$ cat upload12.tsv   # TSV, C-alpha atoms
chain	number	residue	atom	x	y	z
A	1	MET	CA	99.94	125.41	82.77
A	2	ARG	CA	98.96	121.79	82.21
A	3	ARG	CA	96.71	119.49	84.19
A	4	ILE	CA	98.06	116.14	85.30
A	5	ASN	CA	96.96	113.32	87.57
A	6	VAL	CA	98.30	113.36	91.09
A	7	ARG	CA	98.70	110.22	93.23
A	8	PHE	CA	99.11	110.59	96.98
A	9	ALA	CA	100.10	107.46	98.90
A	10	ALA	CA	98.16	107.32	102.15
A	11	GLY	CA	100.98	107.65	104.70
A	12	VAL	CA	99.97	104.88	107.07
A	13	GLY	CA	96.93	103.65	105.20
A	14	ALA	CA	96.58	100.96	102.60
A	15	LEU	CA	94.83	103.01	99.96
A	16	ALA	CA	95.91	105.60	97.43
A	17	LEU	CA	93.83	108.56	96.30
A	18	VAL	CA	93.96	109.64	92.70
A	19	ALA	CA	92.94	113.25	92.15
A	20	ALA	CA	93.38	115.97	89.60
A	21	GLY	CA	96.03	118.59	90.20
A	22	THR	CA	97.90	121.31	88.40
A	23	ALA	CA	101.54	121.84	87.62
A	24	GLY	CA	103.48	124.81	86.35
A	25	CYS	CA	105.39	124.93	83.12
A	26	GLY	CA	107.94	122.15	83.08
A	27	GLY	CA	105.85	120.95	86.05
A	28	ARG	CA	105.62	117.91	88.28
A	29	GLN	CA	104.89	114.31	87.28
A	30	ASP	CA	103.15	112.52	90.16
A	31	GLY	CA	103.37	108.81	89.51
A	32	ALA	CA	105.92	107.56	87.01
A	33	THR	CA	105.15	107.70	83.31
A	34	LYS	CA	104.84	104.48	81.33
A	35	ASP	CA	107.88	102.93	79.75
A	36	ASP	CA	108.86	103.38	76.13
A	37	ALA	CA	110.44	100.01	75.43
A	38	ALA	CA	112.46	101.46	72.55
A	39	SER	CA	114.01	104.29	74.55
A	40	GLU	CA	117.57	104.32	75.89
A	41	ILE	CA	117.93	103.76	79.62
A	42	THR	CA	120.00	106.52	81.22
A	43	CYS	CA	118.90	105.97	84.86
A	44	LYS	CA	118.30	109.74	85.00
A	45	VAL	CA	114.89	110.96	86.19
A	46	THR	CA	114.37	114.31	84.47
A	47	GLU	CA	110.96	115.32	85.85
A	48	SER	CA	109.94	115.56	89.48
A	49	THR	CA	108.21	112.24	90.16
A	50	ARG	CA	106.54	110.80	93.22
A	51	VAL	CA	106.20	107.03	93.68
A	52	GLY	CA	104.05	105.15	96.16
A	53	ILE	CA	105.61	102.13	97.89
A	54	ALA	CA	103.37	99.33	99.20
A	55	THR	CA	104.95	97.77	102.28
A	56	GLY	CA	103.23	95.76	105.03
A	57	ASN	CA	102.12	95.88	108.68
A	58	ALA	CA	103.35	98.90	110.64
A	59	THR	CA	105.37	96.81	113.10
A	60	GLY	CA	106.92	94.67	110.36
A	61	VAL	CA	110.19	95.01	108.48
A	62	TYR	CA	108.63	95.83	105.07
A	63	TYR	CA	107.17	99.01	106.53
A	64	VAL	CA	110.39	100.09	108.23
A	65	VAL	CA	112.66	99.36	105.26
A	66	GLY	CA	110.10	100.77	102.81
A	67	ASN	CA	110.02	104.07	104.68
A	68	ALA	CA	113.81	104.16	104.73
A	69	LEU	CA	113.93	103.55	100.97
A	70	ALA	CA	111.33	106.26	100.35
A	71	GLY	CA	113.46	108.67	102.35
A	72	GLN	CA	116.57	107.98	100.29
A	73	LEU	CA	115.11	108.44	96.80
A	74	SER	CA	115.26	112.22	96.66
A	75	GLY	CA	118.90	112.52	97.68
A	76	ALA	CA	119.87	109.77	95.26
A	77	THR	CA	118.21	111.48	92.29
A	78	GLU	CA	119.05	115.16	92.80
A	79	GLY	CA	115.58	115.76	94.15
A	80	LYS	CA	113.76	114.47	91.07
A	81	LEU	CA	112.33	111.30	92.60
A	82	SER	CA	110.45	111.12	95.89
A	83	GLY	CA	108.64	108.28	97.57
A	84	THR	CA	105.91	107.66	100.11
A	85	ALA	CA	105.64	104.32	101.88
A	86	ALA	CA	102.23	103.06	102.98
A	87	GLU	CA	101.14	100.43	105.48
A	88	THR	CA	99.32	97.55	103.74
A	89	GLY	CA	98.26	93.96	104.28
A	90	ALA	CA	101.46	92.92	102.43
A	91	SER	CA	102.27	90.60	99.51
A	92	VAL	CA	99.02	89.56	97.80
A	93	GLN	CA	97.29	92.88	98.46
A	94	ASN	CA	100.44	94.74	97.42
A	95	ILE	CA	100.51	93.03	94.04
A	96	GLU	CA	96.80	93.61	93.46
A	97	GLN	CA	97.12	97.31	94.22
A	98	LEU	CA	100.37	97.60	92.26
A	99	VAL	CA	98.65	96.23	89.16
A	100	ALA	CA	95.65	98.52	89.81
A	101	GLY	CA	97.97	101.54	89.71
A	102	GLN	CA	97.55	102.49	93.36
A	103	TYR	CA	101.27	102.00	94.01
A	104	ASP	CA	104.40	102.00	91.89
A	105	VAL	CA	106.64	99.71	93.95
A	106	ALA	CA	105.65	96.75	96.11
A	107	PHE	CA	107.38	94.50	98.60
A	108	SER	CA	106.48	90.83	98.17
A	109	LEU	CA	107.45	87.40	99.31
A	110	PHE	CA	109.06	85.55	96.42
A	111	ASP	CA	106.61	82.62	96.50
A	112	THR	CA	103.68	85.04	96.18
A	113	ALA	CA	105.43	86.90	93.34
A	114	VAL	CA	105.94	83.61	91.48
A	115	ASN	CA	102.23	82.83	91.89
A	116	ALA	CA	101.42	86.27	90.50
A	117	VAL	CA	103.43	85.94	87.27
A	118	GLN	CA	102.18	82.39	86.78
A	119	GLY	CA	98.54	83.13	87.60
A	120	LYS	CA	98.42	80.56	90.41
A	121	GLY	CA	97.46	80.48	94.07
A	122	SER	CA	95.73	83.74	94.97
A	123	PHE	CA	95.81	84.92	91.34
A	124	THR	CA	93.46	83.68	88.64
A	125	ALA	CA	95.55	85.14	85.79
A	126	ALA	CA	99.18	86.10	85.19
A	127	GLN	CA	99.90	89.58	86.58
A	128	PRO	CA	101.94	92.17	84.61
A	129	VAL	CA	104.61	92.62	87.28
A	130	GLU	CA	108.39	92.43	87.13
A	131	ALA	CA	111.17	92.60	89.71
A	132	LEU	CA	113.51	95.40	90.64
A	133	ALA	CA	115.66	92.94	92.61
A	134	ARG	CA	115.67	90.12	95.07
A	135	ILE	CA	116.41	91.63	98.47
A	136	TYR	CA	116.71	90.09	101.98
A	137	ASP	CA	115.12	86.83	103.19
A	138	ASN	CA	111.97	86.52	105.27
A	139	TYR	CA	111.93	84.11	108.19
A	140	THR	CA	108.77	82.14	108.95
A	141	GLN	CA	108.28	82.84	112.63
A	142	VAL	CA	105.76	80.57	114.32
A	143	VAL	CA	105.27	81.55	117.95
A	144	VAL	CA	102.87	80.07	120.49
A	145	ARG	CA	101.95	80.61	124.11
A	146	ALA	CA	103.97	78.23	126.26
A	147	ASP	CA	100.78	77.11	128.04
A	148	SER	CA	98.88	76.40	124.80
A	149	GLY	CA	99.93	72.76	124.47
A	150	ILE	CA	101.20	73.46	120.95
A	151	ASN	CA	104.55	71.89	120.05
A	152	SER	CA	104.01	71.43	116.32
A	153	VAL	CA	101.78	72.82	113.58
A	154	ALA	CA	99.60	69.71	113.84
A	155	ASP	CA	98.96	70.58	117.50
A	156	MET	CA	97.21	73.77	116.37
A	157	LYS	CA	94.00	71.84	115.69
A	158	GLY	CA	91.14	73.56	117.49
A	159	LYS	CA	93.32	76.44	118.65
A	160	LYS	CA	93.01	80.19	118.08
A	161	ILE	CA	95.75	80.92	115.57
A	162	SER	CA	96.61	84.18	113.82
A	163	THR	CA	97.42	83.46	110.19
A	164	GLY	CA	98.28	87.09	109.42
A	165	SER	CA	96.53	89.90	107.61
A	166	PRO	CA	94.08	88.91	104.85
A	167	LYS	CA	95.83	88.76	101.46
A	168	SER	CA	99.28	88.76	103.00
A	169	GLY	CA	102.22	86.54	102.15
A	170	THR	CA	102.13	85.40	105.78
A	171	GLU	CA	98.61	84.07	105.27
A	172	VAL	CA	99.71	82.17	102.15
A	173	ILE	CA	102.57	80.50	104.01
A	174	ALA	CA	100.48	79.85	107.12
A	175	ASN	CA	97.80	78.05	105.15
A	176	ARG	CA	100.38	76.00	103.29
A	177	LEU	CA	102.06	74.95	106.53
A	178	LEU	CA	98.73	73.99	108.07
A	179	GLU	CA	97.84	71.91	105.03
A	180	ALA	CA	101.30	70.31	105.06
A	181	ALA	CA	100.61	69.30	108.67
A	182	GLY	CA	97.32	67.67	107.61
A	183	LEU	CA	95.01	70.44	108.80
A	184	ASP	CA	92.28	72.31	106.94
A	185	PRO	CA	92.88	76.04	107.63
A	186	ALA	CA	89.17	76.77	107.15
A	187	LYS	CA	87.93	74.11	109.57
A	188	ASP	CA	90.61	72.74	111.86
A	189	ILE	CA	91.77	75.93	113.55
A	190	GLN	CA	90.03	79.02	114.87
A	191	ALA	CA	91.69	81.32	112.34
A	192	GLN	CA	92.35	84.88	113.46
A	193	ARG	CA	93.21	86.89	110.35
A	194	LEU	CA	94.93	89.71	112.21
A	195	ASP	CA	97.71	92.17	111.49
A	196	LEU	CA	100.83	91.82	113.58
A	197	THR	CA	99.97	94.51	116.12
A	198	LYS	CA	96.61	92.93	116.96
A	199	THR	CA	98.16	89.47	116.86
A	200	VAL	CA	100.80	90.37	119.44
A	201	GLU	CA	98.15	91.96	121.67
A	202	GLY	CA	96.07	88.78	121.39
A	203	VAL	CA	98.95	86.49	122.34
A	204	LYS	CA	99.73	88.71	125.33
A	205	ASP	CA	96.14	88.70	126.65
A	206	GLY	CA	95.50	85.04	125.85
A	207	SER	CA	92.87	85.55	123.14
A	208	VAL	CA	95.31	84.12	120.56
A	209	ASP	CA	97.15	80.82	121.17
A	210	GLY	CA	99.73	81.14	118.44
A	211	LEU	CA	100.81	83.05	115.37
A	212	PHE	CA	102.43	82.77	111.99
A	213	TRP	CA	104.58	85.64	110.79
A	214	SER	CA	106.80	85.92	107.74
A	215	GLY	CA	109.23	88.79	108.07
A	216	GLY	CA	112.80	89.92	108.33
A	217	VAL	CA	114.58	89.62	111.65
A	218	PRO	CA	114.28	91.23	114.01
A	219	THR	CA	110.62	92.15	113.50
A	220	GLY	CA	109.64	94.94	115.87
A	221	GLY	CA	106.31	93.42	116.88
A	222	LEU	CA	107.94	90.13	117.86
A	223	THR	CA	110.74	91.88	119.71
A	224	ASP	CA	107.99	93.50	121.78
A	225	LEU	CA	106.28	90.15	122.34
A	226	PHE	CA	109.40	88.28	123.48
A	227	THR	CA	110.55	91.21	125.61
A	228	THR	CA	107.18	91.54	127.33
A	229	ALA	CA	106.10	87.90	127.58
A	230	GLY	CA	109.51	86.27	128.09
A	231	ASP	CA	109.24	82.51	128.66
A	232	LYS	CA	105.47	82.63	128.34
A	233	VAL	CA	105.93	82.34	124.55
A	234	LYS	CA	108.15	80.11	122.41
A	235	PHE	CA	109.02	79.25	118.82
A	236	ILE	CA	107.97	75.89	117.42
A	237	ASP	CA	110.07	73.97	114.90
A	238	ILE	CA	108.38	73.85	111.48
A	239	THR	CA	111.31	72.38	109.54
A	240	PRO	CA	109.81	68.83	109.49
A	241	LEU	CA	107.31	70.33	107.01
A	242	LEU	CA	110.03	71.67	104.69
A	243	PRO	CA	109.94	68.75	102.19
A	244	LYS	CA	106.23	69.31	101.58
A	245	MET	CA	106.79	73.06	101.31
A	246	THR	CA	109.61	72.74	98.77
A	247	ALA	CA	107.37	70.47	96.71
A	248	ILE	CA	105.00	73.44	96.43
A	249	ASN	CA	107.74	75.98	95.72
A	250	PRO	CA	111.52	75.45	95.71
A	251	ALA	CA	111.95	79.00	97.09
A	252	TYR	CA	111.38	77.61	100.58
A	253	GLN	CA	114.67	76.85	102.34
A	254	ALA	CA	115.91	75.86	105.78
A	255	GLY	CA	117.07	78.68	108.03
A	256	THR	CA	117.74	79.56	111.66
A	257	ILE	CA	116.64	82.44	113.86
A	258	GLY	CA	119.59	83.01	116.16
A	259	ALA	CA	118.99	83.11	119.91
A	260	ASP	CA	120.44	86.62	119.95
A	261	VAL	CA	117.68	87.99	117.70
A	262	TYR	CA	114.91	87.89	120.32
A	263	LYS	CA	117.02	86.85	123.34
A	264	THR	CA	115.50	83.35	123.33
A	265	PRO	CA	117.03	80.38	125.20
A	266	ALA	CA	118.18	78.69	121.96
A	267	ASP	CA	118.34	79.12	118.19
A	268	ALA	CA	115.06	78.41	116.38
A	269	PRO	CA	115.20	76.32	113.18
A	270	THR	CA	112.70	77.53	110.59
A	271	ILE	CA	111.85	78.01	106.91
A	272	VAL	CA	112.97	81.07	104.98
A	273	VAL	CA	111.85	82.57	101.68
A	274	PRO	CA	113.37	85.51	99.75
A	275	ASN	CA	111.70	88.88	99.27
A	276	VAL	CA	111.52	90.82	96.02
A	277	LEU	CA	110.69	94.39	95.11
A	278	LEU	CA	108.11	94.47	92.34
A	279	VAL	CA	106.94	97.06	89.83
A	280	ARG	CA	104.50	97.06	86.95
A	281	LYS	CA	105.93	95.85	83.67
A	282	ASP	CA	105.25	99.24	82.07
A	283	LEU	CA	106.96	101.38	84.75
A	284	ASN	CA	109.24	104.01	83.21
A	285	ALA	CA	112.64	102.34	82.82
A	286	ASN	CA	114.64	105.30	84.15
A	287	VAL	CA	112.50	105.42	87.29
A	288	ALA	CA	112.91	101.67	87.76
A	289	CYS	CA	116.66	101.97	87.25
A	290	ALA	CA	116.96	104.85	89.73
A	291	ILE	CA	115.01	102.99	92.43
A	292	ALA	CA	117.01	99.79	91.96
A	293	ARG	CA	120.29	101.72	92.18
A	294	THR	CA	119.13	103.43	95.36
A	295	VAL	CA	118.38	100.10	97.06
A	296	PHE	CA	122.02	99.05	96.74
A	297	GLU	CA	123.82	102.38	96.89
A	298	LYS	CA	121.92	103.40	100.04
A	299	LYS	CA	121.97	99.97	101.66
A	300	ASP	CA	123.65	101.31	104.79
A	301	ALA	CA	120.70	103.60	105.45
A	302	LEU	CA	118.30	100.66	105.04
A	303	VAL	CA	120.37	98.56	107.43
A	304	GLN	CA	120.28	101.39	109.94
A	305	ALA	CA	116.49	101.26	109.74
A	306	ASN	CA	116.44	97.49	110.32
A	307	PRO	CA	119.27	94.91	110.38
A	308	ALA	CA	117.28	92.60	108.09
A	309	ALA	CA	118.47	94.78	105.20
A	310	LYS	CA	121.98	93.35	105.70
A	311	GLY	CA	120.69	90.48	103.54
A	312	ILE	CA	120.45	92.77	100.48
A	313	SER	CA	123.32	91.78	98.17
A	314	LEU	CA	124.35	92.21	94.56
A	315	GLU	CA	125.24	88.52	94.58
A	316	ASN	CA	121.56	87.57	94.92
A	317	ALA	CA	119.93	90.60	93.29
A	318	ARG	CA	119.33	88.95	89.89
A	319	LYS	CA	117.96	85.71	91.34
A	320	THR	CA	114.31	86.44	90.61
A	321	ASP	CA	113.51	83.80	87.96
A	322	PRO	CA	110.73	83.02	87.02
A	323	VAL	CA	109.79	86.61	87.88
A	324	PRO	CA	111.45	88.64	85.11
A	325	LEU	CA	113.66	91.60	85.92
A	326	HIS	CA	112.35	94.96	84.72
A	327	ARG	CA	114.62	96.25	81.97
A	328	GLY	CA	115.43	99.37	83.99
A	329	ALA	CA	116.43	97.25	86.96
A	330	ALA	CA	118.54	95.00	84.75
A	331	LYS	CA	120.45	98.08	83.59
A	332	ALA	CA	121.00	99.25	87.17
A	333	LEU	CA	122.26	95.85	88.31
A	334	GLN	CA	124.55	95.59	85.28
A	335	ASP	CA	126.05	99.01	86.05
A	336	LEU	CA	126.50	98.03	89.71
A	337	GLY	CA	128.32	94.84	88.75
A	338	ALA	CA	125.73	92.37	90.03
A	339	SER	CA	126.74	88.78	89.35
$ encode --input "upload12.tsv" --output "structure tokens"
Amino acid sequence: MRRINVRFAAGVGALALVAAGTAGCGGRQDGATKDDAASEITCKVTESTRVGIATGNATGVYYVVGNALAGQLSGATEGKLSGTAAETGASVQNIEQLVAGQYDVAFSLFDTAVNAVQGKGSFTAAQPVEALARIYDNYTQVVVRADSGINSVADMKGKKISTGSPKSGTEVIANRLLEAAGLDPAKDIQAQRLDLTKTVEGVKDGSVDGLFWSGGVPTGGLTDLFTTAGDKVKFIDITPLLPKMTAINPAYQAGTIGADVYKTPADAPTIVVPNVLLVRKDLNANVACAIARTVFEKKDALVQANPAAKGISLENARKTDPVPLHRGAAKALQDLGAS
């Protein structure tokens, strides 16, 4: 008998509990071991290993796709690797808790991941994180009450605006868009730093005038909002702010939310940014390789969970620079024929 550390991801909570446990001979490894940079990468996980996956708000796509990924790990690794997805505040918080060892895998917006490795924005020092892969794109979804008088980001001055959960990638983008429109997020709006569920409730009851959300499409919370509120809510066009956003980070690109996504009267032009899956630099390479392989080999199951996962492609998987690919992920993508 040997004593090991056990990490349990808190199913729908944002925290992880580290406790002592026991394992039998040949026992269980809870939480992946650290990488031996000199070892050969086989992509085989030989000990039973549990990984925690940091996702995002419960009604967002990170959470849905993260749970689907967690559910596929065991079958893809002959039962050796299992995962638990947890609801979190998303990108910034995910990276902080990933580095702290509370999770092993984290969803993140690409702009936030770049800030992390460069020690900029929300991070005062470079963070020891690397990418498993670039995955699908997030759409910046800016929705307001039709009776709010808001037709642009600049019109949000003095209004009650949800900028997303604290330490989320949505909050980062929201504040950048507000600043690009000439507003001070701390003074010029009545900022409501709410998760998506509370945000949608606030828009419905009138306590919130508008919201920023960065997520895959469709996002469940916004489907609920547009289905329930109908023409009482609308998208606003933020693409006039794209030049200022690309000056901050070239990851920002023009995109369109099709009218069919939320059954809106017309397509909504917007700004998109890629997502990446992140791990600590020292994550065991075989575990990293196995997770990366699962993302692409079990893509159909992820798409079934949410159509946003259709955007996962081997063509874009390696496009994570300046966030380096973990060596285990690089092996997986090479074996899968990623371009």
$ residues_around --input "upload12.tsv" --residues "segment 273-287 of chain A" --least-positions-apart "5" --cutoff "7 Å" --atoms "all atoms listed in the file" --output "number ranges by chain"
A: 32-35, 41-45, 98-99, 104-110, 128-139, 251-253, 326-328
$ closest_residue --input "upload12.tsv" --among "A:Val303, A:Met156, A:Ala116, A:Ala180" --to "Gly216 of chain A" --atoms "only C-alpha atoms"
A:Val303
$ atom_distance --input "upload12.tsv" --atom1 "atom CA of Glu78 of chain A" --atom2 "atom CA of Gly52 of chain A"
18.3 Å
$ residues_around --input "upload12.tsv" --residues "Val114 of chain A" --least-positions-apart "5" --cutoff "9 Å" --atoms "all atoms listed in the file" --output "count of residues only"
8
$ atom_distance --input "upload12.tsv" --atom1 "atom CA of Gly89 of chain A" --atom2 "atom CA of Gly221 of chain A"
15.0 Å
$ residues_around --input "upload12.tsv" --residues "Ala338 of chain A" --least-positions-apart "6" --cutoff "9 Å" --atoms "all atoms listed in the file" --output "number ranges by chain"
A: 313-318, 332
$ atom_distance --input "upload12.tsv" --atom1 "atom CA of Arg293 of chain A" --atom2 "atom CA of Val92 of chain A"
25.1 Å
$ axis_aligned_box --input "upload12.tsv" --around "segment 103-112 of chain A" --padding-each-side "3 Å" --output "lines of an AutoDock Vina configuration file"
center_x = 105.2
center_y = 92.3
center_z = 95.6
size_x = 13.8
size_y = 25.4
size_z = 13.4
$ closest_residue --input "upload12.tsv" --among "A:Gly66, A:Pro265, A:Gly258, A:Pro218" --to "Asp231 of chain A" --atoms "only C-alpha atoms"
A:Pro265
$ closest_residue --input "upload12.tsv" --among "A:Ala290, A:Asp36, A:Lys263, A:Gln127" --to "Gly79 of chain A" --atoms "only C-alpha atoms"
A:Ala290
